[in-house]
$ cat upload_10.pdb   # PDB, C-alpha atoms
ATOM      1  CA  MET S 162      -0.829   8.819  11.595  1.00  0.00           C
ATOM      2  CA  TYR S 163       1.843   8.624   8.919  1.00  0.00           C
ATOM      3  CA  LEU S 164       2.370  12.076   7.442  1.00  0.00           C
ATOM      4  CA  PRO S 165       3.008  12.384   3.692  1.00  0.00           C
ATOM      5  CA  SER S 166       6.646  12.099   2.675  1.00  0.00           C
ATOM      6  CA  ASP S 167       8.718  11.213  -0.399  1.00  0.00           C
ATOM      7  CA  ASP S 168       7.258   7.689  -0.537  1.00  0.00           C
ATOM      8  CA  THR S 169       3.686   9.016  -0.354  1.00  0.00           C
ATOM      9  CA  PHE S 170       4.248  11.444  -3.208  1.00  0.00           C
ATOM     10  CA  LEU S 171       5.961   8.773  -5.307  1.00  0.00           C
ATOM     11  CA  LEU S 172       2.962   6.458  -4.899  1.00  0.00           C
ATOM     12  CA  ALA S 173       0.511   9.314  -5.548  1.00  0.00           C
ATOM     13  CA  GLU S 174       2.213  10.076  -8.876  1.00  0.00           C
ATOM     14  CA  SER S 175       2.034   6.386  -9.791  1.00  0.00           C
ATOM     15  CA  VAL S 176      -1.649   6.075  -8.875  1.00  0.00           C
ATOM     16  CA  LYS S 177      -2.587   8.972 -11.185  1.00  0.00           C
ATOM     17  CA  CYS S 178      -1.889   6.715 -14.190  1.00  0.00           C
ATOM     18  CA  TYR S 179      -4.597   4.185 -13.249  1.00  0.00           C
ATOM     19  CA  LYS S 180      -8.376   4.354 -13.723  1.00  0.00           C
ATOM     20  CA  GLY S 181     -11.192   1.923 -13.093  1.00  0.00           C
ATOM     21  CA  LYS S 182     -14.278   1.013 -11.123  1.00  0.00           C
ATOM     22  CA  SER S 183     -12.939   0.127  -7.675  1.00  0.00           C
ATOM     23  CA  ALA S 184      -9.806   0.797  -5.655  1.00  0.00           C
ATOM     24  CA  LEU S 185      -8.597  -0.152  -2.186  1.00  0.00           C
ATOM     25  CA  GLU S 186      -5.862   1.494  -0.158  1.00  0.00           C
ATOM     26  CA  ILE S 187      -4.495  -0.483   2.760  1.00  0.00           C
ATOM     27  CA  GLY S 188      -3.103   1.837   5.435  1.00  0.00           C
ATOM     28  CA  VAL S 189      -4.629   5.212   4.529  1.00  0.00           C
ATOM     29  CA  GLY S 190      -2.527   7.384   6.837  1.00  0.00           C
ATOM     30  CA  SER S 191      -3.364  11.025   6.048  1.00  0.00           C
ATOM     31  CA  GLY S 192      -5.536  10.161   3.042  1.00  0.00           C
ATOM     32  CA  THR S 193      -3.225  11.619   0.395  1.00  0.00           C
ATOM     33  CA  ILE S 194      -3.506   8.521  -1.816  1.00  0.00           C
ATOM     34  CA  LEU S 195      -7.260   8.153  -1.190  1.00  0.00           C
ATOM     35  CA  LYS S 196      -7.753  11.652  -2.577  1.00  0.00           C
ATOM     36  CA  VAL S 197      -5.928  10.718  -5.811  1.00  0.00           C
ATOM     37  CA  LEU S 198      -7.822   7.412  -6.101  1.00  0.00           C
ATOM     38  CA  HIS S 199     -11.111   9.268  -5.715  1.00  0.00           C
ATOM     39  CA  GLU S 200     -10.362  11.221  -8.906  1.00  0.00           C
ATOM     40  CA  ASN S 201     -10.113   8.058 -11.056  1.00  0.00           C
ATOM     41  CA  TYR S 202     -12.307   5.413  -9.380  1.00  0.00           C
ATOM     42  CA  LYS S 203     -16.035   5.165  -8.744  1.00  0.00           C
ATOM     43  CA  ILE S 204     -15.686   3.093  -5.552  1.00  0.00           C
ATOM     44  CA  VAL S 205     -12.808   3.943  -3.213  1.00  0.00           C
ATOM     45  CA  VAL S 206     -12.177   2.018   0.000  1.00  0.00           C
ATOM     46  CA  GLY S 207      -9.519   2.637   2.631  1.00  0.00           C
ATOM     47  CA  THR S 208      -8.426   0.662   5.662  1.00  0.00           C
ATOM     48  CA  ASP S 209      -6.171   1.384   8.607  1.00  0.00           C
ATOM     49  CA  LEU S 210      -5.540   0.037  12.097  1.00  0.00           C
ATOM     50  CA  ASP S 211      -5.200   3.592  13.401  1.00  0.00           C
ATOM     51  CA  ILE S 212      -8.644   4.982  14.153  1.00  0.00           C
ATOM     52  CA  GLY S 213      -7.138   8.478  14.275  1.00  0.00           C
ATOM     53  CA  SER S 214      -6.105   8.213  10.631  1.00  0.00           C
ATOM     54  CA  LEU S 215      -9.574   7.057   9.634  1.00  0.00           C
ATOM     55  CA  LEU S 216     -11.263   9.862  11.574  1.00  0.00           C
ATOM     56  CA  TYR S 217      -8.927  12.386   9.961  1.00  0.00           C
ATOM     57  CA  CYS S 218      -9.823  11.039   6.493  1.00  0.00           C
ATOM     58  CA  LYS S 219     -13.540  11.046   7.338  1.00  0.00           C
ATOM     59  CA  GLU S 220     -13.373  14.693   8.402  1.00  0.00           C
ATOM     60  CA  ASN S 221     -11.146  15.936   5.581  1.00  0.00           C
ATOM     61  CA  LEU S 222     -12.015  13.877   2.482  1.00  0.00           C
ATOM     62  CA  SER S 223     -15.094  13.124   0.380  1.00  0.00           C
ATOM     63  CA  ASN S 224     -18.128  11.625   2.113  1.00  0.00           C
ATOM     64  CA  ASP S 225     -18.489   8.822  -0.438  1.00  0.00           C
ATOM     65  CA  LEU S 226     -15.256   7.066   0.559  1.00  0.00           C
ATOM     66  CA  ILE S 227     -15.677   3.764   2.397  1.00  0.00           C
ATOM     67  CA  LEU S 228     -13.389   3.574   5.437  1.00  0.00           C
ATOM     68  CA  ALA S 229     -12.824   0.565   7.697  1.00  0.00           C
ATOM     69  CA  CYS S 230     -10.753   0.012  10.806  1.00  0.00           C
ATOM     70  CA  CYS S 231      -9.248  -3.429  10.254  1.00  0.00           C
ATOM     71  CA  ASP S 232      -6.030  -5.360   9.757  1.00  0.00           C
ATOM     72  CA  ALA S 233      -4.943  -4.977   6.128  1.00  0.00           C
ATOM     73  CA  SER S 234      -8.006  -5.919   4.032  1.00  0.00           C
ATOM     74  CA  SER S 235      -9.454  -8.566   6.337  1.00  0.00           C
ATOM     75  CA  THR S 236     -12.961  -7.046   6.377  1.00  0.00           C
ATOM     76  CA  PHE S 237     -13.609  -7.261   2.647  1.00  0.00           C
ATOM     77  CA  ARG S 238     -14.634  -9.928   0.135  1.00  0.00           C
ATOM     78  CA  TYR S 239     -15.183  -7.538  -2.803  1.00  0.00           C
ATOM     79  CA  ARG S 240     -12.786  -7.620  -5.775  1.00  0.00           C
ATOM     80  CA  PHE S 241     -10.878  -4.462  -6.676  1.00  0.00           C
ATOM     81  CA  ASP S 242      -9.332  -3.204  -9.918  1.00  0.00           C
ATOM     82  CA  LEU S 243      -6.510  -1.551  -8.002  1.00  0.00           C
ATOM     83  CA  ILE S 244      -5.091  -2.196  -4.542  1.00  0.00           C
ATOM     84  CA  VAL S 245      -2.383   0.144  -3.266  1.00  0.00           C
ATOM     85  CA  PHE S 246      -0.293   0.450  -0.169  1.00  0.00           C
ATOM     86  CA  ASN S 247       2.712   2.252   1.155  1.00  0.00           C
ATOM     87  CA  PRO S 248       3.505  -0.094   4.025  1.00  0.00           C
ATOM     88  CA  PRO S 249       6.034   0.437   6.774  1.00  0.00           C
ATOM     89  CA  TYR S 250       9.152  -0.953   5.061  1.00  0.00           C
ATOM     90  CA  LEU S 251      12.228  -0.158   7.147  1.00  0.00           C
ATOM     91  CA  PRO S 252      13.960  -3.012   8.963  1.00  0.00           C
ATOM     92  CA  VAL S 253      13.983  -2.798  12.745  1.00  0.00           C
ATOM     93  CA  ASP S 254      17.008  -3.892  14.774  1.00  0.00           C
ATOM     94  CA  ASP S 255      16.621  -5.936  17.957  1.00  0.00           C
ATOM     95  CA  ASN S 256      17.838  -3.050  20.107  1.00  0.00           C
ATOM     96  CA  GLU S 257      15.657  -0.452  18.346  1.00  0.00           C
ATOM     97  CA  LYS S 258      12.164   0.529  19.476  1.00  0.00           C
ATOM     98  CA  LYS S 259       9.673  -0.404  16.742  1.00  0.00           C
ATOM     99  CA  ASP S 260       7.661   2.431  15.204  1.00  0.00           C
ATOM    100  CA  SER S 261       4.737   0.756  13.424  1.00  0.00           C
ATOM    101  CA  ALA S 262       4.398   3.708  11.015  1.00  0.00           C
ATOM    102  CA  ILE S 263       7.843   3.094   9.473  1.00  0.00           C
ATOM    103  CA  HIS S 264       9.200  -0.288  10.612  1.00  0.00           C
ATOM    104  CA  GLY S 265       8.005  -3.292   8.639  1.00  0.00           C
ATOM    105  CA  GLY S 266       9.630  -5.975  10.781  1.00  0.00           C
ATOM    106  CA  PRO S 267      13.136  -7.442  11.165  1.00  0.00           C
ATOM    107  CA  CYS S 268      13.647  -7.597   7.374  1.00  0.00           C
ATOM    108  CA  GLY S 269      11.503  -4.573   6.639  1.00  0.00           C
ATOM    109  CA  MET S 270       9.226  -6.678   4.403  1.00  0.00           C
ATOM    110  CA  GLU S 271       7.004  -8.486   6.908  1.00  0.00           C
ATOM    111  CA  THR S 272       4.199  -5.898   6.790  1.00  0.00           C
ATOM    112  CA  THR S 273       4.408  -5.738   2.986  1.00  0.00           C
ATOM    113  CA  LEU S 274       4.091  -9.530   2.745  1.00  0.00           C
ATOM    114  CA  HIS S 275       1.159  -9.500   5.156  1.00  0.00           C
ATOM    115  CA  PHE S 276      -0.629  -6.819   3.097  1.00  0.00           C
ATOM    116  CA  ILE S 277      -0.061  -8.726  -0.161  1.00  0.00           C
ATOM    117  CA  ASN S 278      -1.276 -12.015   1.338  1.00  0.00           C
ATOM    118  CA  SER S 279      -4.367 -10.247   2.650  1.00  0.00           C
ATOM    119  CA  ALA S 280      -5.101  -8.570  -0.688  1.00  0.00           C
ATOM    120  CA  ILE S 281      -4.432 -11.321  -3.257  1.00  0.00           C
ATOM    121  CA  SER S 282      -7.921 -12.809  -2.951  1.00  0.00           C
ATOM    122  CA  LEU S 283      -9.460  -9.336  -3.425  1.00  0.00           C
ATOM    123  CA  LEU S 284      -7.586  -8.504  -6.613  1.00  0.00           C
ATOM    124  CA  ASP S 285      -9.722  -8.716  -9.742  1.00  0.00           C
ATOM    125  CA  ALA S 286      -8.378 -11.059 -12.446  1.00  0.00           C
ATOM    126  CA  GLY S 287      -7.136  -8.104 -14.509  1.00  0.00           C
ATOM    127  CA  GLY S 288      -6.370  -5.954 -11.478  1.00  0.00           C
ATOM    128  CA  LYS S 289      -3.116  -4.439 -10.281  1.00  0.00           C
ATOM    129  CA  MET S 290      -1.469  -3.937  -6.924  1.00  0.00           C
ATOM    130  CA  LEU S 291       0.912  -1.011  -6.373  1.00  0.00           C
ATOM    131  CA  ILE S 292       3.377  -1.176  -3.512  1.00  0.00           C
ATOM    132  CA  VAL S 293       6.264   0.966  -2.295  1.00  0.00           C
ATOM    133  CA  THR S 294       9.534  -0.692  -1.292  1.00  0.00           C
ATOM    134  CA  SER S 295      12.869   0.593  -0.061  1.00  0.00           C
ATOM    135  CA  SER S 296      16.398  -0.441  -0.946  1.00  0.00           C
ATOM    136  CA  LEU S 297      16.953  -0.717   2.825  1.00  0.00           C
ATOM    137  CA  SER S 298      14.533  -3.671   3.034  1.00  0.00           C
ATOM    138  CA  TYR S 299      15.438  -7.266   2.241  1.00  0.00           C
ATOM    139  CA  SER S 300      13.349  -7.868  -0.873  1.00  0.00           C
ATOM    140  CA  THR S 301      14.186 -11.554  -1.369  1.00  0.00           C
ATOM    141  CA  LYS S 302      11.066 -12.528   0.583  1.00  0.00           C
ATOM    142  CA  LEU S 303       8.942 -10.359  -1.701  1.00  0.00           C
ATOM    143  CA  ASP S 304      10.392 -12.061  -4.781  1.00  0.00           C
ATOM    144  CA  GLU S 305       9.631 -15.471  -3.248  1.00  0.00           C
ATOM    145  CA  LEU S 306       6.029 -14.502  -2.468  1.00  0.00           C
ATOM    146  CA  ILE S 307       5.497 -13.272  -6.036  1.00  0.00           C
ATOM    147  CA  LEU S 308       6.802 -16.579  -7.443  1.00  0.00           C
ATOM    148  CA  GLN S 309       4.835 -18.755  -5.002  1.00  0.00           C
ATOM    149  CA  ASN S 310       1.572 -17.020  -5.876  1.00  0.00           C
ATOM    150  CA  LYS S 311       2.169 -17.045  -9.636  1.00  0.00           C
ATOM    151  CA  LEU S 312       2.215 -13.275  -9.781  1.00  0.00           C
ATOM    152  CA  LYS S 313       4.345 -10.969 -11.869  1.00  0.00           C
ATOM    153  CA  SER S 314       5.851  -7.637 -10.961  1.00  0.00           C
ATOM    154  CA  ARG S 315       7.377  -4.712 -12.721  1.00  0.00           C
ATOM    155  CA  GLU S 316       8.983  -1.521 -11.543  1.00  0.00           C
ATOM    156  CA  ILE S 317       6.931   1.504 -12.562  1.00  0.00           C
ATOM    157  CA  ARG S 318       8.574   4.383 -10.696  1.00  0.00           C
ATOM    158  CA  GLU S 319      11.716   5.034  -8.671  1.00  0.00           C
ATOM    159  CA  ALA S 320      13.120   7.845  -6.535  1.00  0.00           C
ATOM    160  CA  LYS S 321      16.726   7.977  -5.387  1.00  0.00           C
ATOM    161  CA  LEU S 322      17.116   9.739  -2.068  1.00  0.00           C
ATOM    162  CA  PHE S 323      20.379  10.399  -0.313  1.00  0.00           C
ATOM    163  CA  PHE S 324      20.047   7.340   1.972  1.00  0.00           C
ATOM    164  CA  GLU S 325      17.792   4.943   0.036  1.00  0.00           C
ATOM    165  CA  THR S 326      16.047   4.240  -3.245  1.00  0.00           C
ATOM    166  CA  LEU S 327      12.250   4.006  -3.188  1.00  0.00           C
ATOM    167  CA  THR S 328      10.534   1.890  -5.817  1.00  0.00           C
ATOM    168  CA  VAL S 329       6.898   1.462  -6.755  1.00  0.00           C
ATOM    169  CA  PHE S 330       6.121  -2.001  -8.094  1.00  0.00           C
ATOM    170  CA  GLU S 331       3.039  -3.064  -9.974  1.00  0.00           C
ATOM    171  CA  ILE S 332       2.015  -6.618  -9.097  1.00  0.00           C
ATOM    172  CA  SER S 333      -0.589  -8.579 -11.055  1.00  0.00           C
ATOM    173  CA  PHE S 334      -1.614 -12.097 -12.014  1.00  0.00           C
ATOM    174  CA  LYS S 335       0.310 -13.785 -14.831  1.00  0.00           C
TER     175      LYS S 335
END

$ encode --input "upload_10.pdb" --output "structure tokens"
Amino acid sequence: MYLPSDDTFLLAESVKCYKGKSALEIGVGSGTILKVLHENYKIVVGTDLDIGSLLYCKENLSNDLILACCDASSTFRYRFDLIVFNPPYLPVDDNEKKDSAIHGGPCGMETTLHFINSAISLLDAGGKMLIVTSSLSYSTKLDELILQNKLKSREIREAKLFFETLTVFEISFK
């Protein structure tokens, strides 16, 4: 389970500014973001591949959350007002052992791209996606995906740490 860190708190602060009917978090980790979503949304859904994370959320958060063990958002066909995720975003070198909680692939963006591709069809026409990225990742692929899918993005929050800059982007349909 991914424990809350600077990126979690940055996303949590961003999420507080959004309200609506339904929200989905892909990769719930410790449930920190689910708890914030629950304050502003009637229907809150969370997914994770790690059953331990889901069990932790089930035991420690509200009973009316919907939790699913699945890859990204593959289980759902429902449309959401808000979809959020703090994916693993650090690049992994060939000689480095991959930690799926923090490494997003060779460029650092592969998991992010997978999550976006999984979620696009679930985003309501006026909905928003919030994602966390790192300056250590190669974001060119993210920019290409946004263009290919006729999406738009804007930076809504940033945190400069001593070794990287974290950014929360809002992605929506044009």

$ atom_distance --input "upload_10.pdb" --atom1 "CA of Asp242 (chain S)" --atom2 "CA of Leu306 (chain S)"
20.5 Å

$ residues_near_point --input "upload_10.pdb" --point "(-4.1, 10.6, -9.0)" --cutoff "8 Å" --atoms "only C-alpha atoms" --output "list in words"
Ala173, Glu174, Ser175, Val176, Lys177, Cys178, Tyr179, Ile194, Lys196, Val197, Leu198, His199, Glu200 and Asn201 of chain S

$ residues_around --input "upload_10.pdb" --residues "Lys219 (chain S)" --least-positions-apart "3" --cutoff "12 Å" --atoms "only C-alpha atoms" --output "PyMOL selection string"
chain S and resi 189-192+195-196+206-208+212-216+222-230

$ axis_aligned_box --input "upload_10.pdb" --around "region 195-210 of chain S" --padding-each-side "4 Å" --output "lines of an AutoDock Vina configuration file"
center_x = -10.8
center_y = 5.8
center_z = 0.5
size_x = 18.5
size_y = 19.6
size_z = 31.2

$ residues_around --input "upload_10.pdb" --residues "Ser183 (chain S)" --least-positions-apart "3" --cutoff "10 Å" --atoms "only C-alpha atoms" --output "list in words"
Lys180, Leu198, His199, Asn201, Tyr202, Lys203, Ile204, Val205, Val206, Tyr239, Arg240, Phe241, Asp242, Leu243, Ile244, Asp285 and Gly288 of chain S

$ resolve_selection --input "upload_10.pdb" --expression "the PyMOL selection byres ((chain S and resi 333) around 12)" --output "PyMOL selection string"
chain S and resi 241-245+277+280-292+307-308+310-316+330-332+334-335

$ write_last_selection --input "upload_10.pdb" --atoms "C-alpha atoms" --output "PDB file, in the frame of the given file"
ATOM      1  CA  PHE S 241     -10.878  -4.462  -6.676  1.00  0.00           C
ATOM      2  CA  ASP S 242      -9.332  -3.204  -9.918  1.00  0.00           C
ATOM      3  CA  LEU S 243      -6.510  -1.551  -8.002  1.00  0.00           C
ATOM      4  CA  ILE S 244      -5.091  -2.196  -4.542  1.00  0.00           C
ATOM      5  CA  VAL S 245      -2.383   0.144  -3.266  1.00  0.00           C
ATOM      6  CA  ILE S 277      -0.061  -8.726  -0.161  1.00  0.00           C
ATOM      7  CA  ALA S 280      -5.101  -8.570  -0.688  1.00  0.00           C
ATOM      8  CA  ILE S 281      -4.432 -11.321  -3.257  1.00  0.00           C
ATOM      9  CA  SER S 282      -7.921 -12.809  -2.951  1.00  0.00           C
ATOM     10  CA  LEU S 283      -9.460  -9.336  -3.425  1.00  0.00           C
ATOM     11  CA  LEU S 284      -7.586  -8.504  -6.613  1.00  0.00           C
ATOM     12  CA  ASP S 285      -9.722  -8.716  -9.742  1.00  0.00           C
ATOM     13  CA  ALA S 286      -8.378 -11.059 -12.446  1.00  0.00           C
ATOM     14  CA  GLY S 287      -7.136  -8.104 -14.509  1.00  0.00           C
ATOM     15  CA  GLY S 288      -6.370  -5.954 -11.478  1.00  0.00           C
ATOM     16  CA  LYS S 289      -3.116  -4.439 -10.281  1.00  0.00           C
ATOM     17  CA  MET S 290      -1.469  -3.937  -6.924  1.00  0.00           C
ATOM     18  CA  LEU S 291       0.912  -1.011  -6.373  1.00  0.00           C
ATOM     19  CA  ILE S 292       3.377  -1.176  -3.512  1.00  0.00           C
ATOM     20  CA  ILE S 307       5.497 -13.272  -6.036  1.00  0.00           C
ATOM     21  CA  LEU S 308       6.802 -16.579  -7.443  1.00  0.00           C
ATOM     22  CA  ASN S 310       1.572 -17.020  -5.876  1.00  0.00           C
ATOM     23  CA  LYS S 311       2.169 -17.045  -9.636  1.00  0.00           C
ATOM     24  CA  LEU S 312       2.215 -13.275  -9.781  1.00  0.00           C
ATOM     25  CA  LYS S 313       4.345 -10.969 -11.869  1.00  0.00           C
ATOM     26  CA  SER S 314       5.851  -7.637 -10.961  1.00  0.00           C
ATOM     27  CA  ARG S 315       7.377  -4.712 -12.721  1.00  0.00           C
ATOM     28  CA  GLU S 316       8.983  -1.521 -11.543  1.00  0.00           C
ATOM     29  CA  PHE S 330       6.121  -2.001  -8.094  1.00  0.00           C
ATOM     30  CA  GLU S 331       3.039  -3.064  -9.974  1.00  0.00           C
ATOM     31  CA  ILE S 332       2.015  -6.618  -9.097  1.00  0.00           C
ATOM     32  CA  PHE S 334      -1.614 -12.097 -12.014  1.00  0.00           C
ATOM     33  CA  LYS S 335       0.310 -13.785 -14.831  1.00  0.00           C
TER      34      LYS S 335
END

$ residues_around --input "upload_10.pdb" --residues "Gly265 (chain S)" --least-positions-apart "3" --cutoff "10 Å" --atoms "only C-alpha atoms" --output "list of chain:residue names"
S:Pro248, S:Pro249, S:Tyr250, S:Leu251, S:Pro252, S:Val253, S:Lys259, S:Asp260, S:Ser261, S:Ala262, S:Cys268, S:Gly269, S:Met270, S:Glu271, S:Thr272, S:Thr273, S:Leu274, S:His275, S:Ser298

$ atom_distance --input "upload_10.pdb" --atom1 "CA of Thr326 (chain S)" --atom2 "CA of Ala184 (chain S)"
26.2 Å

$ atom_distance --input "upload_10.pdb" --atom1 "CA of Asp232 (chain S)" --atom2 "CA of Ser295 (chain S)"
22.1 Å

$ closest_residue --input "upload_10.pdb" --among "S:Ile263, S:Gln309, S:Ser235, S:Val329" --to "Leu164 (chain S)" --atoms "only C-alpha atoms"
S:Ile263

$ closest_residue --input "upload_10.pdb" --among "S:Thr301, S:Tyr163, S:Asn256, S:Asp209" --to "Ile187 (chain S)" --atoms "all atoms listed in the file"
S:Asp209

$ closest_residue --input "upload_10.pdb" --among "S:Asp254, S:Ser279, S:Pro165, S:Tyr217" --to "Phe237 (chain S)" --atoms "only C-alpha atoms"
S:Ser279

$ decode --input "upload_10.pdb" --residues "region 234-245 of chain S" --atoms "N, CA and C atoms" --output "PDB file, in the first residue's frame"
ATOM      1  N   SER S 234      -9.711   1.269 -14.288  1.00  0.00           N
ATOM      2  CA  SER S 234     -11.165   1.388 -14.120  1.00  0.00           C
ATOM      3  C   SER S 234     -11.902   0.375 -14.987  1.00  0.00           C
ATOM      4  N   SER S 235     -11.252  -0.733 -15.258  1.00  0.00           N
ATOM      5  CA  SER S 235     -11.755  -1.718 -16.222  1.00  0.00           C
ATOM      6  C   SER S 235     -13.097  -2.332 -15.858  1.00  0.00           C
ATOM      7  N   THR S 236     -13.495  -2.293 -14.606  1.00  0.00           N
ATOM      8  CA  THR S 236     -14.738  -2.919 -14.157  1.00  0.00           C
ATOM      9  C   THR S 236     -15.972  -2.071 -14.427  1.00  0.00           C
ATOM     10  N   PHE S 237     -15.801  -0.791 -14.657  1.00  0.00           N
ATOM     11  CA  PHE S 237     -16.929   0.133 -14.676  1.00  0.00           C
ATOM     12  C   PHE S 237     -17.336   0.592 -16.069  1.00  0.00           C
ATOM     13  N   ARG S 238     -18.644   0.928 -16.189  1.00  0.00           N
ATOM     14  CA  ARG S 238     -19.188   1.522 -17.403  1.00  0.00           C
ATOM     15  C   ARG S 238     -19.913   2.827 -17.069  1.00  0.00           C
ATOM     16  N   TYR S 239     -20.010   3.153 -15.805  1.00  0.00           N
ATOM     17  CA  TYR S 239     -20.690   4.343 -15.298  1.00  0.00           C
ATOM     18  C   TYR S 239     -19.870   5.589 -15.632  1.00  0.00           C
ATOM     19  N   ARG S 240     -20.514   6.716 -15.833  1.00  0.00           N
ATOM     20  CA  ARG S 240     -19.806   7.971 -16.098  1.00  0.00           C
ATOM     21  C   ARG S 240     -19.670   8.773 -14.810  1.00  0.00           C
ATOM     22  N   PHE S 241     -18.486   9.355 -14.635  1.00  0.00           N
ATOM     23  CA  PHE S 241     -18.152  10.088 -13.414  1.00  0.00           C
ATOM     24  C   PHE S 241     -17.921  11.571 -13.702  1.00  0.00           C
ATOM     25  N   ASP S 242     -18.276  12.402 -12.723  1.00  0.00           N
ATOM     26  CA  ASP S 242     -18.013  13.841 -12.793  1.00  0.00           C
ATOM     27  C   ASP S 242     -16.528  14.136 -12.599  1.00  0.00           C
ATOM     28  N   LEU S 243     -15.908  13.341 -11.729  1.00  0.00           N
ATOM     29  CA  LEU S 243     -14.493  13.544 -11.419  1.00  0.00           C
ATOM     30  C   LEU S 243     -13.801  12.196 -11.333  1.00  0.00           C
ATOM     31  N   ILE S 244     -12.653  12.098 -11.986  1.00  0.00           N
ATOM     32  CA  ILE S 244     -11.810  10.903 -11.898  1.00  0.00           C
ATOM     33  C   ILE S 244     -10.433  11.388 -11.486  1.00  0.00           C
ATOM     34  N   VAL S 245      -9.889  10.805 -10.418  1.00  0.00           N
ATOM     35  CA  VAL S 245      -8.595  11.251  -9.903  1.00  0.00           C
ATOM     36  C   VAL S 245      -7.649  10.070  -9.756  1.00  0.00           C
TER      37      VAL S 245
END
